[in-house]
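Engineer: This is the content of my_file15.pdb (PDB, C-alpha atoms and all ligand atoms):
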```
MODEL        1
ATOM      1  CA  MET A   1     -12.471   5.978 -11.613  1.00  0.00           C
ATOM      2  CA  ALA A   2     -12.734   2.579  -9.919  1.00  0.00           C
ATOM      3  CA  ALA A   3     -10.686   2.183  -6.722  1.00  0.00           C
ATOM      4  CA  ALA A   4      -7.630  -0.070  -6.981  1.00  0.00           C
ATOM      5  CA  PRO A   5      -8.492  -3.612  -5.857  1.00  0.00           C
ATOM      6  CA  GLU A   6      -7.540  -4.446  -2.273  1.00  0.00           C
ATOM      7  CA  PRO A   7      -4.529  -6.777  -2.139  1.00  0.00           C
ATOM      8  CA  GLN A   8      -5.518 -10.351  -1.243  1.00  0.00           C
ATOM      9  CA  HIS A   9      -4.091 -11.606   2.026  1.00  0.00           C
ATOM     10  CA  SER A  10      -4.117 -14.893   3.809  1.00  0.00           C
ATOM     11  CA  PHE A  11      -5.415 -13.292   7.044  1.00  0.00           C
ATOM     12  CA  ILE A  12      -8.481 -11.157   7.601  1.00  0.00           C
ATOM     13  CA  HIS A  13      -6.943  -8.006   9.016  1.00  0.00           C
ATOM     14  CA  HIS A  14      -7.365  -4.348   9.789  1.00  0.00           C
ATOM     15  CA  PHE A  15      -4.772  -1.886   8.540  1.00  0.00           C
ATOM     16  CA  VAL A  16      -4.257   1.709   9.616  1.00  0.00           C
ATOM     17  CA  PRO A  17      -1.705   3.619   7.502  1.00  0.00           C
ATOM     18  CA  GLY A  18       1.128   5.363   9.326  1.00  0.00           C
ATOM     19  CA  ARG A  19       1.027   9.138   9.749  1.00  0.00           C
ATOM     20  CA  VAL A  20       4.413   9.815  11.333  1.00  0.00           C
ATOM     21  CA  ALA A  21       7.610   9.161   9.367  1.00  0.00           C
ATOM     22  CA  GLY A  22       9.941   6.875  11.308  1.00  0.00           C
ATOM     23  CA  ALA A  23       7.274   5.678  13.762  1.00  0.00           C
ATOM     24  CA  PRO A  24       7.620   1.872  13.886  1.00  0.00           C
ATOM     25  CA  PRO A  25       4.794  -0.107  12.276  1.00  0.00           C
ATOM     26  CA  LEU A  26       3.051  -2.270  14.874  1.00  0.00           C
ATOM     27  CA  LEU A  27       1.844  -5.830  14.298  1.00  0.00           C
ATOM     28  CA  LEU A  28      -1.085  -6.183  16.707  1.00  0.00           C
ATOM     29  CA  LEU A  29      -1.863  -9.732  17.857  1.00  0.00           C
ATOM     30  CA  HIS A  30      -5.002 -10.228  19.916  1.00  0.00           C
ATOM     31  CA  GLY A  31      -5.750 -12.708  22.704  1.00  0.00           C
ATOM     32  CA  THR A  32      -8.095 -15.713  22.612  1.00  0.00           C
ATOM     33  CA  GLY A  33     -11.591 -14.682  21.520  1.00  0.00           C
ATOM     34  CA  GLY A  34     -10.389 -11.359  20.129  1.00  0.00           C
ATOM     35  CA  ASN A  35     -10.325 -10.103  16.583  1.00  0.00           C
ATOM     36  CA  GLU A  36      -8.519  -7.708  14.256  1.00  0.00           C
ATOM     37  CA  HIS A  37     -10.191  -4.667  15.825  1.00  0.00           C
ATOM     38  CA  ASP A  38      -9.379  -5.347  19.493  1.00  0.00           C
ATOM     39  CA  LEU A  39      -5.890  -3.913  19.821  1.00  0.00           C
ATOM     40  CA  VAL A  40      -6.203  -1.054  17.329  1.00  0.00           C
ATOM     41  CA  PRO A  41      -7.027   1.551  20.021  1.00  0.00           C
ATOM     42  CA  LEU A  42      -4.139   0.225  22.136  1.00  0.00           C
ATOM     43  CA  GLY A  43      -1.741   0.468  19.177  1.00  0.00           C
ATOM     44  CA  GLY A  44      -2.816   4.053  18.528  1.00  0.00           C
ATOM     45  CA  ARG A  45      -2.144   4.895  22.166  1.00  0.00           C
ATOM     46  CA  LEU A  46       1.196   3.147  22.408  1.00  0.00           C
ATOM     47  CA  SER A  47       2.656   4.797  19.333  1.00  0.00           C
ATOM     48  CA  PRO A  48       0.519   7.586  17.841  1.00  0.00           C
ATOM     49  CA  GLY A  49       0.974   7.801  14.077  1.00  0.00           C
ATOM     50  CA  SER A  50       2.439   4.307  13.637  1.00  0.00           C
ATOM     51  CA  ALA A  51       1.045   2.100  10.881  1.00  0.00           C
ATOM     52  CA  LEU A  52      -1.051  -0.642  12.496  1.00  0.00           C
ATOM     53  CA  LEU A  53      -1.339  -4.111  10.984  1.00  0.00           C
ATOM     54  CA  SER A  54      -3.805  -6.244  12.892  1.00  0.00           C
ATOM     55  CA  PRO A  55      -4.618  -9.776  11.668  1.00  0.00           C
ATOM     56  CA  ARG A  56      -7.299 -12.076  13.063  1.00  0.00           C
ATOM     57  CA  GLY A  57      -6.110 -15.473  14.296  1.00  0.00           C
ATOM     58  CA  GLN A  58      -7.222 -18.310  12.009  1.00  0.00           C
ATOM     59  CA  VAL A  59      -7.857 -21.040  14.574  1.00  0.00           C
ATOM     60  CA  LEU A  60     -11.293 -21.254  16.160  1.00  0.00           C
ATOM     61  CA  GLU A  61     -11.702 -22.667  19.663  1.00  0.00           C
ATOM     62  CA  ASN A  62     -15.426 -22.881  20.395  1.00  0.00           C
ATOM     63  CA  GLY A  63     -15.912 -19.991  17.998  1.00  0.00           C
ATOM     64  CA  MET A  64     -13.106 -17.928  19.558  1.00  0.00           C
ATOM     65  CA  PRO A  65     -10.291 -16.850  17.236  1.00  0.00           C
ATOM     66  CA  ARG A  66      -6.737 -17.771  18.256  1.00  0.00           C
ATOM     67  CA  PHE A  67      -3.366 -17.852  16.520  1.00  0.00           C
ATOM     68  CA  PHE A  68      -2.677 -21.570  17.152  1.00  0.00           C
ATOM     69  CA  ARG A  69      -4.344 -24.659  18.632  1.00  0.00           C
ATOM     70  CA  ARG A  70      -4.015 -25.655  22.255  1.00  0.00           C
ATOM     71  CA  LEU A  71      -4.760 -29.005  23.797  1.00  0.00           C
ATOM     72  CA  ALA A  72      -5.715 -27.503  27.179  1.00  0.00           C
ATOM     73  CA  GLU A  73      -5.094 -24.197  28.925  1.00  0.00           C
ATOM     74  CA  GLY A  74      -1.333 -23.656  28.801  1.00  0.00           C
ATOM     75  CA  VAL A  75      -0.740 -26.871  26.804  1.00  0.00           C
ATOM     76  CA  PHE A  76       0.003 -26.013  23.209  1.00  0.00           C
ATOM     77  CA  ASP A  77      -0.123 -28.065  20.004  1.00  0.00           C
ATOM     78  CA  GLU A  78       3.473 -27.296  19.059  1.00  0.00           C
ATOM     79  CA  ALA A  79       3.211 -28.634  15.502  1.00  0.00           C
ATOM     80  CA  ASP A  80       0.360 -26.183  15.004  1.00  0.00           C
ATOM     81  CA  VAL A  81       2.385 -23.361  16.616  1.00  0.00           C
ATOM     82  CA  ILE A  82       5.139 -23.989  14.038  1.00  0.00           C
ATOM     83  CA  ARG A  83       2.728 -24.148  11.122  1.00  0.00           C
ATOM     84  CA  ARG A  84       0.771 -21.033  12.139  1.00  0.00           C
ATOM     85  CA  ALA A  85       3.901 -19.012  12.878  1.00  0.00           C
ATOM     86  CA  GLY A  86       5.041 -19.775   9.316  1.00  0.00           C
ATOM     87  CA  GLU A  87       1.709 -18.624   7.895  1.00  0.00           C
ATOM     88  CA  LEU A  88       1.837 -15.433   9.955  1.00  0.00           C
ATOM     89  CA  ALA A  89       5.413 -14.773   8.801  1.00  0.00           C
ATOM     90  CA  ASP A  90       4.233 -15.112   5.174  1.00  0.00           C
ATOM     91  CA  PHE A  91       1.325 -12.752   5.840  1.00  0.00           C
ATOM     92  CA  VAL A  92       3.631 -10.129   7.355  1.00  0.00           C
ATOM     93  CA  ALA A  93       5.953 -10.340   4.339  1.00  0.00           C
ATOM     94  CA  ALA A  94       3.006  -9.938   1.907  1.00  0.00           C
ATOM     95  CA  ALA A  95       1.496  -7.070   3.916  1.00  0.00           C
ATOM     96  CA  ARG A  96       4.859  -5.298   4.144  1.00  0.00           C
ATOM     97  CA  SER A  97       5.169  -5.313   0.402  1.00  0.00           C
ATOM     98  CA  ALA A  98       1.493  -4.395  -0.232  1.00  0.00           C
ATOM     99  CA  TYR A  99       1.520  -1.518   2.257  1.00  0.00           C
ATOM    100  CA  ASP A 100       5.200  -0.588   1.895  1.00  0.00           C
ATOM    101  CA  LEU A 101       6.074  -1.139   5.565  1.00  0.00           C
ATOM    102  CA  ALA A 102       9.310  -1.533   7.484  1.00  0.00           C
ATOM    103  CA  ALA A 103       9.627  -4.643   9.650  1.00  0.00           C
ATOM    104  CA  PRO A 104       7.025  -4.231  12.403  1.00  0.00           C
ATOM    105  CA  VAL A 105       7.298  -4.358  16.169  1.00  0.00           C
ATOM    106  CA  ALA A 106       4.790  -6.933  17.446  1.00  0.00           C
ATOM    107  CA  VAL A 107       2.432  -6.006  20.256  1.00  0.00           C
ATOM    108  CA  GLY A 108       0.867  -9.261  21.404  1.00  0.00           C
ATOM    109  CA  PHE A 109      -1.486  -9.994  24.265  1.00  0.00           C
ATOM    110  CA  SER A 110      -1.827 -13.491  25.763  1.00  0.00           C
ATOM    111  CA  ASN A 111      -2.283 -15.908  22.839  1.00  0.00           C
ATOM    112  CA  GLY A 112      -1.118 -13.081  20.540  1.00  0.00           C
ATOM    113  CA  ALA A 113       2.016 -12.641  22.673  1.00  0.00           C
ATOM    114  CA  ASN A 114       2.674 -16.369  22.424  1.00  0.00           C
ATOM    115  CA  ILE A 115       2.534 -16.416  18.617  1.00  0.00           C
ATOM    116  CA  ALA A 116       4.748 -13.297  18.580  1.00  0.00           C
ATOM    117  CA  ALA A 117       7.279 -15.181  20.734  1.00  0.00           C
ATOM    118  CA  ALA A 118       7.077 -18.107  18.285  1.00  0.00           C
ATOM    119  CA  LEU A 119       7.680 -15.710  15.377  1.00  0.00           C
ATOM    120  CA  LEU A 120      10.785 -14.360  17.122  1.00  0.00           C
ATOM    121  CA  LEU A 121      12.155 -17.845  17.798  1.00  0.00           C
ATOM    122  CA  LEU A 122      11.281 -19.443  14.443  1.00  0.00           C
ATOM    123  CA  HIS A 123      11.426 -16.517  11.996  1.00  0.00           C
ATOM    124  CA  PRO A 124      13.835 -14.068  13.597  1.00  0.00           C
ATOM    125  CA  ASP A 125      13.924 -11.673  10.623  1.00  0.00           C
ATOM    126  CA  VAL A 126      10.185 -10.953  10.559  1.00  0.00           C
ATOM    127  CA  LEU A 127       9.940  -8.575  13.514  1.00  0.00           C
ATOM    128  CA  ALA A 128      11.984  -5.509  14.442  1.00  0.00           C
ATOM    129  CA  GLY A 129      11.130  -6.195  18.096  1.00  0.00           C
ATOM    130  CA  ALA A 130       8.214  -7.183  20.282  1.00  0.00           C
ATOM    131  CA  ILE A 131       6.124  -6.239  23.275  1.00  0.00           C
ATOM    132  CA  LEU A 132       4.871  -9.469  24.819  1.00  0.00           C
ATOM    133  CA  LEU A 133       2.011  -8.917  27.254  1.00  0.00           C
ATOM    134  CA  ARG A 134       1.280 -11.953  29.502  1.00  0.00           C
ATOM    135  CA  ALA A 135       3.283 -14.310  27.275  1.00  0.00           C
ATOM    136  CA  MET A 136       4.178 -17.970  27.854  1.00  0.00           C
ATOM    137  CA  VAL A 137       6.736 -20.332  26.324  1.00  0.00           C
ATOM    138  CA  PRO A 138       5.231 -21.320  22.937  1.00  0.00           C
ATOM    139  CA  LEU A 139       7.734 -24.117  22.189  1.00  0.00           C
ATOM    140  CA  ALA A 140       9.447 -26.256  24.826  1.00  0.00           C
ATOM    141  CA  GLU A 141      12.640 -26.608  22.808  1.00  0.00           C
ATOM    142  CA  PRO A 142      12.861 -23.972  20.112  1.00  0.00           C
ATOM    143  CA  PRO A 143      15.717 -23.880  17.639  1.00  0.00           C
ATOM    144  CA  VAL A 144      18.332 -21.313  18.676  1.00  0.00           C
ATOM    145  CA  ALA A 145      17.416 -18.334  16.538  1.00  0.00           C
ATOM    146  CA  ALA A 146      19.735 -15.420  15.794  1.00  0.00           C
ATOM    147  CA  LEU A 147      17.912 -12.472  17.311  1.00  0.00           C
ATOM    148  CA  ALA A 148      20.966 -10.181  17.190  1.00  0.00           C
ATOM    149  CA  SER A 149      20.056  -7.766  19.998  1.00  0.00           C
ATOM    150  CA  LYS A 150      16.448  -7.466  18.889  1.00  0.00           C
ATOM    151  CA  PRO A 151      14.555  -5.529  21.594  1.00  0.00           C
ATOM    152  CA  VAL A 152      11.834  -7.432  23.447  1.00  0.00           C
ATOM    153  CA  LEU A 153       9.706  -6.145  26.315  1.00  0.00           C
ATOM    154  CA  LEU A 154       8.082  -8.898  28.386  1.00  0.00           C
ATOM    155  CA  LEU A 155       5.429  -7.666  30.825  1.00  0.00           C
ATOM    156  CA  ALA A 156       4.112 -10.277  33.236  1.00  0.00           C
ATOM    157  CA  GLY A 157       1.430 -10.085  35.940  1.00  0.00           C
ATOM    158  CA  ALA A 158       2.505 -11.091  39.471  1.00  0.00           C
ATOM    159  CA  ALA A 159      -0.981 -12.513  40.121  1.00  0.00           C
ATOM    160  CA  ASP A 160      -1.578 -13.966  36.636  1.00  0.00           C
ATOM    161  CA  PRO A 161      -3.610 -17.186  37.134  1.00  0.00           C
ATOM    162  CA  ILE A 162      -2.765 -18.384  33.592  1.00  0.00           C
ATOM    163  CA  VAL A 163       0.973 -17.714  33.256  1.00  0.00           C
ATOM    164  CA  PRO A 164       3.245 -19.116  36.015  1.00  0.00           C
ATOM    165  CA  ALA A 165       6.230 -16.864  36.827  1.00  0.00           C
ATOM    166  CA  ALA A 166       8.654 -19.713  36.077  1.00  0.00           C
ATOM    167  CA  ASN A 167       7.174 -20.107  32.601  1.00  0.00           C
ATOM    168  CA  VAL A 168       7.655 -16.480  31.597  1.00  0.00           C
ATOM    169  CA  ALA A 169      11.163 -16.534  33.107  1.00  0.00           C
ATOM    170  CA  ARG A 170      11.921 -19.520  30.848  1.00  0.00           C
ATOM    171  CA  LEU A 171      10.659 -17.580  27.829  1.00  0.00           C
ATOM    172  CA  ALA A 172      12.922 -14.652  28.782  1.00  0.00           C
ATOM    173  CA  ASP A 173      15.848 -17.122  28.933  1.00  0.00           C
ATOM    174  CA  GLN A 174      14.997 -18.640  25.545  1.00  0.00           C
ATOM    175  CA  LEU A 175      14.901 -15.192  23.966  1.00  0.00           C
ATOM    176  CA  ARG A 176      18.139 -14.085  25.661  1.00  0.00           C
ATOM    177  CA  THR A 177      19.863 -17.289  24.575  1.00  0.00           C
ATOM    178  CA  ALA A 178      18.848 -16.406  21.036  1.00  0.00           C
ATOM    179  CA  GLY A 179      20.533 -13.017  21.460  1.00  0.00           C
ATOM    180  CA  ALA A 180      17.510 -10.757  22.031  1.00  0.00           C
ATOM    181  CA  SER A 181      17.834  -7.736  24.257  1.00  0.00           C
ATOM    182  CA  VAL A 182      15.088  -8.617  26.752  1.00  0.00           C
ATOM    183  CA  THR A 183      13.504  -6.329  29.338  1.00  0.00           C
ATOM    184  CA  HIS A 184      11.379  -8.524  31.637  1.00  0.00           C
ATOM    185  CA  GLN A 185       9.202  -6.773  34.192  1.00  0.00           C
ATOM    186  CA  THR A 186       6.573  -8.160  36.554  1.00  0.00           C
ATOM    187  CA  LEU A 187       3.704  -5.821  37.381  1.00  0.00           C
ATOM    188  CA  PRO A 188       1.204  -5.949  40.251  1.00  0.00           C
ATOM    189  CA  ALA A 189      -1.511  -7.308  37.939  1.00  0.00           C
ATOM    190  CA  GLY A 190      -3.355 -10.430  36.855  1.00  0.00           C
ATOM    191  CA  HIS A 191      -3.770 -11.656  33.264  1.00  0.00           C
ATOM    192  CA  ASN A 192      -5.577  -8.496  32.185  1.00  0.00           C
ATOM    193  CA  LEU A 193      -3.693  -5.389  31.140  1.00  0.00           C
ATOM    194  CA  THR A 194      -3.398  -2.418  33.471  1.00  0.00           C
ATOM    195  CA  GLN A 195      -2.430   1.216  33.154  1.00  0.00           C
ATOM    196  CA  ALA A 196       1.100   0.209  34.196  1.00  0.00           C
ATOM    197  CA  ASP A 197       1.343  -2.029  31.097  1.00  0.00           C
ATOM    198  CA  LEU A 198       0.375   0.866  28.855  1.00  0.00           C
ATOM    199  CA  ASP A 199       2.807   3.247  30.554  1.00  0.00           C
ATOM    200  CA  ARG A 200       5.764   0.817  30.388  1.00  0.00           C
ATOM    201  CA  ALA A 201       5.041  -0.212  26.811  1.00  0.00           C
ATOM    202  CA  THR A 202       4.643   3.397  25.649  1.00  0.00           C
ATOM    203  CA  ALA A 203       7.926   4.449  27.256  1.00  0.00           C
ATOM    204  CA  TRP A 204       9.756   1.386  25.886  1.00  0.00           C
ATOM    205  CA  LEU A 205       8.522   2.044  22.328  1.00  0.00           C
ATOM    206  CA  ALA A 206       9.394   5.730  22.520  1.00  0.00           C
ATOM    207  CA  ALA A 207      12.960   4.807  23.527  1.00  0.00           C
ATOM    208  CA  LEU A 208      13.494   2.523  20.490  1.00  0.00           C
ATOM    209  CA  PRO A 209      15.886   3.940  17.923  1.00  0.00           C
ATOM    210  CA  HIS A 210      13.732   5.357  15.103  1.00  0.00           C
ATOM    211  CA  GLY A 211      14.278   4.013  11.606  1.00  0.00           C
TER
HETATM  212  C1  LIG B 301      -2.759 -19.215  25.125  1.00  0.00           C
HETATM  213  O1  LIG B 301      -2.058 -19.042  24.139  1.00  0.00           O
HETATM  214  O2  LIG B 301      -3.511 -20.194  25.234  1.00  0.00           O
HETATM  215  C2  LIG B 301      -2.706 -18.183  26.195  1.00  0.00           C
HETATM  216  O3  LIG B 301      -1.539 -18.126  26.837  1.00  0.00           O
HETATM  217  C3  LIG B 301      -3.812 -18.197  27.124  1.00  0.00           C
HETATM  218  C4  LIG B 301      -5.024 -17.714  26.441  1.00  0.00           C
HETATM  219  O4  LIG B 301      -4.959 -17.291  25.306  1.00  0.00           O
HETATM  220  O5  LIG B 301      -6.080 -17.759  27.066  1.00  0.00           O
ENDMDL
END
```
When written as structure tokens, how does the structure in this file appear?
Ligand code: MLT

Structural biologist:
Amino acid sequence: MAAAPEPQHSFIHHFVPGRVAGAPPLLLLHGTGGNEHDLVPLGGRLSPGSALLSPRGQVLENGMPRFFRRLAEGVFDEADVIRRAGELADFVAAARSAYDLAAPVAVGFSNGANIAAALLLLHPDVLAGAILLRAMVPLAEPPVAALASKPVLLLAGAADPIVPAANVARLADQLRTAGASVTHQTLPAGHNLTQADLDRATAWLAALPHG
């Protein structure tokens, strides 16, 4: 018998079905130059048995996939952030219905963390929560979303040459103002992830109430 046709989606993506009932599905969002495969091993480590939904960013910067355009390092094209966050929100809704998923927890790194922050601020119902690894403010003046105690873990690097401490503190404020329950920690690290990131993120996910 012929296999059922794959559902059509707006984003190239990799999907790993969940194996553990109640484990939160993870929406994996890679950094600049990454792809849909990059964070799959990380997702499997952070929450074994969770469904993993991992799209590839649709913007190309010198051939490197990203989730939205930037004008320079740390200077974002905010109209594009808004547009791309909307497209990603639509993709998540379509994938949830195709794969029968609960609202996912985003795990975003760098550019992927920034689009996850934009999703939280612009489309507050899309995510059940988020782990933002080396995130920055995606929108200078976001609308005040209703994040109703949504859990967000922000992990920053004390020696991150890309993300100034004041910028990530401003993002934490924006999310708190919108009602999110934000845990913001600064690790002895640069922009790259360290073992401490994995340990903190794993413990934070394990402590989430299971659905
Ligand atoms: C960005 O969104 O541009 C990031 O914060 C930095 C990067 O992806 O290199």

Engineer: Enumerate as a ChimeraX atom specification the residues within 12 Å of ligand LIG 301 (chain B), counting all atoms listed in the file.

Structural biologist: /A:29-34,57,59-61,64-78,80-81,108-118,132-139,156,160-164,167-168,191-192

Engineer: (13.7, -5.5, 27.0) in this file's frame - what residues fall within 9 Å of it? Use all atoms listed in the file and give the answer as a list in words.

Structural biologist: Ala130, Ile131, Lys150, Pro151, Val152, Leu153, Leu154, Ala180, Ser181, Val182, Thr183, His184, Gln185 and Trp204 of chain A

Engineer: Please determine, counting all atoms listed in the file, which residue among A:Ala201, A:Ala79, A:Ala189, A:Ala128 has the shortest atom-to-atom distance to Ala159 in chain A.

Structural biologist: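 Among the listed residues, the smallest separation from Ala159 in chain A belongs to A:Ala189.
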
Engineer: Apply the PyMOL selection byres (((chain A and resi 8-18) around 10) and not hetatm) to the displayed file and report the matching residues as number ranges by chain.

Structural biologist: A: 5-7, 19-28, 35-38, 40, 43-44, 48-58, 87-88, 90-92, 94-95, 98-101

Engineer: So the first atom is CA of Arg170 in chain A and the second is CA of Leu121 in chain A; what is the distance between them in Å, to one decimal place?

Structural biologist: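 That distance, rounded to one decimal, is 13.2 Å.
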
Engineer: Distance cut-off 9 Å, centre (18.2, -14.4, 23.6) in file coordinates, counting all atoms listed in the file: which residues qualify? Return them as a ChimeraX atom specification.

Structural biologist: /A:144-150,172-182

Engineer: Any idea what the distance is between CA of Leu127 in chain A and CA of Leu42 in chain A?

Structural biologist: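 According to the coordinates, CA of Leu127 in chain A and CA of Leu42 in chain A are separated by 18.7 Å.
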
Engineer: Between CA of Ile82 in chain A and CA of Leu193 in chain A, what is the distance, to one decimal in Å?

Structural biologist: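 Computed distance, CA of Ile82 in chain A to CA of Leu193 in chain A, equals 26.8 Å.
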
Engineer: Considering all atoms listed in the file, can you say which of A:Pro142, A:Pro209, A:Gly190, A:Gly86 comes closest to Gly129 in chain A?

Structural biologist: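 When distances to Gly129 in chain A are compared using all atoms listed in the file, the smallest one comes from A:Pro209.
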
Engineer: With distances taken over all atoms listed in the file, which of A:Leu198, A:Leu119, A:Ala93, A:Ala103 is nearest to Leu39 in chain A?

Structural biologist: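 That would be A:Leu198, the residue with the smallest distance to Leu39 in chain A.
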